[in-house]
Amino acid sequence: MNKLKEFIMKDIGWKILSVAIAVCLWFVVINIENPVETRKYTVPVTLLNEELIGQNDLIISNAEELDGLKVSINVRGHRIALDRLSQNKSHILATIDLEDAVNGQDTGKGVAVSLNVTLPNSSGDTYEIIGRDPLYVYVKLDGIVTVTKDIQVDVIGQTGEGYVMANPDVTPKSVKITGAKSLVEKVESAKAAVSADNLVEDITVTAPILLYDAEN
């Protein structure tokens with residue numbers, strides 16, 4: 001036992017130094033062959049709990065801004081792990097939870113909802129998100145309302161010589177307008193434009209209905 005202890009204690013300083021050098025060399029080799037890098041990824045954003053919007057009689061008034069929204073993230077990790085992440089880019093999940101919008105406080109610009117990003121959990125791979133853009137998204141919510149407006153006919157042009165145009169018979173006579181309260185309440189009139197140029201007989205015309213505000 002004493003001889004074993006003497007063997008272990010003999011030149012212990014050199015042995016510790018050797019181990020330390022070996023560890024350092026291992027780290028050097030790892031950093032040369034598999035260095036730490038930062039890469040940028042751009043992924044689409046998924047909206048969660050969309051059904052809560054309608055269930056609360058709300059509508060997203062800036063839905064066009066959220067449609068096709070993407071987030072850019074900077075990920076730091078070892079090269080091999082980032083290579084595998086690049087091959088599985090579709091597994092990076094970026095989401096905003098619309099429940100947070102329904103329960104959140106409107107700032108005037110909308111409800112600021114945090115944008116969450118989850119990286120795939122692969123065995124042996126270590127990386128971290130060190131930056132993202134944007135950090136949050138503004139969701140503008142508005143109440144849903146329906147109003148009914150009589151359809152007015154705008155007659156454009158002149159009938160043929162010797163003819164006059166009687167009051168048009170409109171079918172349907174009114175239109176229902178459903179949408180965001182802030183927008184629908186601005187609608188003053190619903191009009192359909194009809195050309196009377198050179199008319200000499202009764203005709204049936206299909207015309208689009210246009211909505212106008214108080215300033216026409």
# chains A, B, ... in the order shown; residues from 1 in each chain; ligands from 1

call {"tool": "select_by_dssp", "arguments": {"residues": "segment 31-126 of chain A", "states": "helix (DSSP H, G or I)", "output": "VMD selection string"}}
result
chain A and resid 31 to 33 51 to 55 63 to 66 79 to 87 89 to 91 98 to 103

call {"tool": "residues_around", "arguments": {"residues": "Leu183 of chain A", "least_positions_apart": "6", "cutoff": "10 Å", "atoms": "only C-alpha atoms", "output": "list in words"}}
result
Ser61, Asp142, Ile144, Val145 and Asp213 of chain A

call {"tool": "write_last_selection", "arguments": {"atoms": "C-alpha atoms", "output": "PDB file, in the first residue's frame"}}
result
ATOM      1  CA  SER A  61     -57.485  44.640 -38.061  1.00  0.00           C
ATOM      2  CA  ASP A 142     -61.175  45.423 -32.977  1.00  0.00           C
ATOM      3  CA  ILE A 144     -66.879  42.970 -35.163  1.00  0.00           C
ATOM      4  CA  VAL A 145     -69.985  44.918 -36.248  1.00  0.00           C
ATOM      5  CA  ASP A 213     -66.687  57.516 -46.200  1.00  0.00           C
TER       6      ASP A 213
END

call {"tool": "closest_residue", "arguments": {"among": "A:Ala112, A:Leu48, A:Ile59, A:Leu119", "to": "Thr178 of chain A", "atoms": "only C-alpha atoms"}}
result
A:Ile59

call {"tool": "closest_residue", "arguments": {"among": "A:Thr206, A:Glu37, A:Gly104, A:Val164", "to": "Tyr138 of chain A", "atoms": "only C-alpha atoms"}}
result
A:Gly104

call {"tool": "residues_around", "arguments": {"residues": "Ser72 of chain A", "least_positions_apart": "2", "cutoff": "6 Å", "atoms": "only C-alpha atoms", "output": "compact mmCIF listing (two decimals) with C-alpha atoms, in the first residue's frame"}}
result
# COMPACT_ATOMS: atom_id res chain seq x y z
CA TYR A 41 -31.81 32.01 -39.65
CA THR A 42 -35.08 33.45 -40.97
CA ARG A 132 -33.92 37.98 -32.64
CA ASP A 133 -35.75 40.53 -34.74

call {"tool": "residues_around", "arguments": {"residues": "Pro120 of chain A", "least_positions_apart": "3", "cutoff": "9 Å", "atoms": "only C-alpha atoms", "output": "list in words"}}
result
Leu85, Asn88, Lys89, His91, Ile92 and Leu93 of chain A

call {"tool": "select_by_dssp", "arguments": {"residues": "segment 15-200 of chain A", "states": "strand (DSSP E)", "output": "PyMOL selection string"}}
result
chain A and resi 36-48+58-60+70-78+93-97+111-114+116-118+127-133+136-139+141-156+174-180+189-195

call {"tool": "closest_residue", "arguments": {"among": "A:Leu141, A:Ala180, A:Ala192, A:Ile129", "to": "Gln105 of chain A", "atoms": "only C-alpha atoms"}}
result
A:Leu141

call {"tool": "atom_distance", "arguments": {"atom1": "atom CA of Ala101 of chain A", "atom2": "atom CA of Thr118 of chain A"}}
result
19.9 Å

call {"tool": "decode", "arguments": {"residues": "segment 177-200 of chain A", "atoms": "N, CA, C and O atoms", "output": "tab-separated table (two decimals), in the first residue's frame"}}
result
chain	number	residue	atom	x	y	z
A	177	ILE	N	-72.69	45.02	-44.37
A	177	ILE	CA	-71.25	45.21	-44.28
A	177	ILE	C	-70.79	44.74	-42.91
A	177	ILE	O	-71.25	45.25	-41.89
A	178	THR	N	-69.91	43.76	-42.89
A	178	THR	CA	-69.39	43.23	-41.63
A	178	THR	C	-67.88	43.38	-41.60
A	178	THR	O	-67.20	43.11	-42.59
A	179	GLY	N	-67.35	43.83	-40.46
A	179	GLY	CA	-65.90	43.98	-40.35
A	179	GLY	C	-65.51	44.67	-39.07
A	179	GLY	O	-66.30	44.76	-38.11
A	180	ALA	N	-64.27	45.15	-39.05
A	180	ALA	CA	-63.75	45.84	-37.87
A	180	ALA	C	-64.57	47.11	-37.59
A	180	ALA	O	-64.83	47.90	-38.49
A	181	LYS	N	-64.95	47.28	-36.35
A	181	LYS	CA	-65.81	48.40	-35.96
A	181	LYS	C	-65.23	49.74	-36.39
A	181	LYS	O	-65.95	50.61	-36.90
A	182	SER	N	-63.92	49.92	-36.20
A	182	SER	CA	-63.29	51.21	-36.52
A	182	SER	C	-63.37	51.54	-38.00
A	182	SER	O	-63.37	52.70	-38.38
A	183	LEU	N	-63.46	50.51	-38.84
A	183	LEU	CA	-63.54	50.74	-40.29
A	183	LEU	C	-64.99	50.83	-40.75
A	183	LEU	O	-65.35	51.71	-41.53
A	184	VAL	N	-65.83	49.91	-40.27
A	184	VAL	CA	-67.22	49.87	-40.72
A	184	VAL	C	-67.95	51.15	-40.34
A	184	VAL	O	-68.78	51.66	-41.12
A	185	GLU	N	-67.66	51.70	-39.19
A	185	GLU	CA	-68.34	52.92	-38.75
A	185	GLU	C	-68.00	54.13	-39.62
A	185	GLU	O	-68.69	55.15	-39.56
A	186	LYS	N	-66.96	54.03	-40.42
A	186	LYS	CA	-66.60	55.13	-41.33
A	186	LYS	C	-67.41	55.10	-42.63
A	186	LYS	O	-67.39	56.07	-43.39
A	187	VAL	N	-68.09	54.01	-42.89
A	187	VAL	CA	-68.84	53.88	-44.14
A	187	VAL	C	-70.09	54.75	-44.10
A	187	VAL	O	-70.96	54.57	-43.24
A	188	GLU	N	-70.18	55.70	-45.03
A	188	GLU	CA	-71.34	56.58	-45.12
A	188	GLU	C	-72.32	56.11	-46.19
A	188	GLU	O	-73.53	56.28	-46.04
A	189	SER	N	-71.81	55.51	-47.26
A	189	SER	CA	-72.71	55.11	-48.35
A	189	SER	C	-72.13	53.94	-49.12
A	189	SER	O	-70.92	53.68	-49.09
A	190	ALA	N	-73.04	53.22	-49.79
A	190	ALA	CA	-72.66	52.12	-50.68
A	190	ALA	C	-73.21	52.44	-52.07
A	190	ALA	O	-74.42	52.65	-52.23
A	191	LYS	N	-72.33	52.49	-53.06
A	191	LYS	CA	-72.74	52.94	-54.39
A	191	LYS	C	-72.31	51.94	-55.47
A	191	LYS	O	-71.29	51.27	-55.34
A	192	ALA	N	-73.12	51.91	-56.53
A	192	ALA	CA	-72.78	51.12	-57.72
A	192	ALA	C	-72.83	52.06	-58.92
A	192	ALA	O	-73.82	52.77	-59.14
A	193	ALA	N	-71.76	52.09	-59.69
A	193	ALA	CA	-71.67	52.99	-60.84
A	193	ALA	C	-72.16	52.28	-62.10
A	193	ALA	O	-71.77	51.14	-62.38
A	194	VAL	N	-73.03	52.96	-62.86
A	194	VAL	CA	-73.59	52.40	-64.09
A	194	VAL	C	-73.41	53.40	-65.22
A	194	VAL	O	-73.70	54.60	-65.07
A	195	SER	N	-72.91	52.92	-66.35
A	195	SER	CA	-72.72	53.79	-67.51
A	195	SER	C	-74.00	53.86	-68.33
A	195	SER	O	-74.59	52.82	-68.69
A	196	ALA	N	-74.42	55.08	-68.68
A	196	ALA	CA	-75.61	55.29	-69.51
A	196	ALA	C	-75.24	55.73	-70.92
A	196	ALA	O	-76.13	56.10	-71.71
A	197	ASP	N	-73.98	55.71	-71.25
A	197	ASP	CA	-73.53	56.21	-72.55
A	197	ASP	C	-74.25	55.52	-73.71
A	197	ASP	O	-74.21	54.29	-73.85
A	198	ASN	N	-74.97	56.34	-74.49
A	198	ASN	CA	-75.62	55.91	-75.74
A	198	ASN	C	-76.66	54.81	-75.55
A	198	ASN	O	-76.94	54.04	-76.48
A	199	LEU	N	-77.26	54.71	-74.36
A	199	LEU	CA	-78.31	53.71	-74.14
A	199	LEU	C	-79.57	54.08	-74.91
A	199	LEU	O	-80.02	55.24	-74.88
A	200	VAL	N	-80.18	53.10	-75.57
A	200	VAL	CA	-81.42	53.33	-76.30
A	200	VAL	C	-82.45	52.25	-75.97
A	200	VAL	O	-83.52	52.19	-76.60
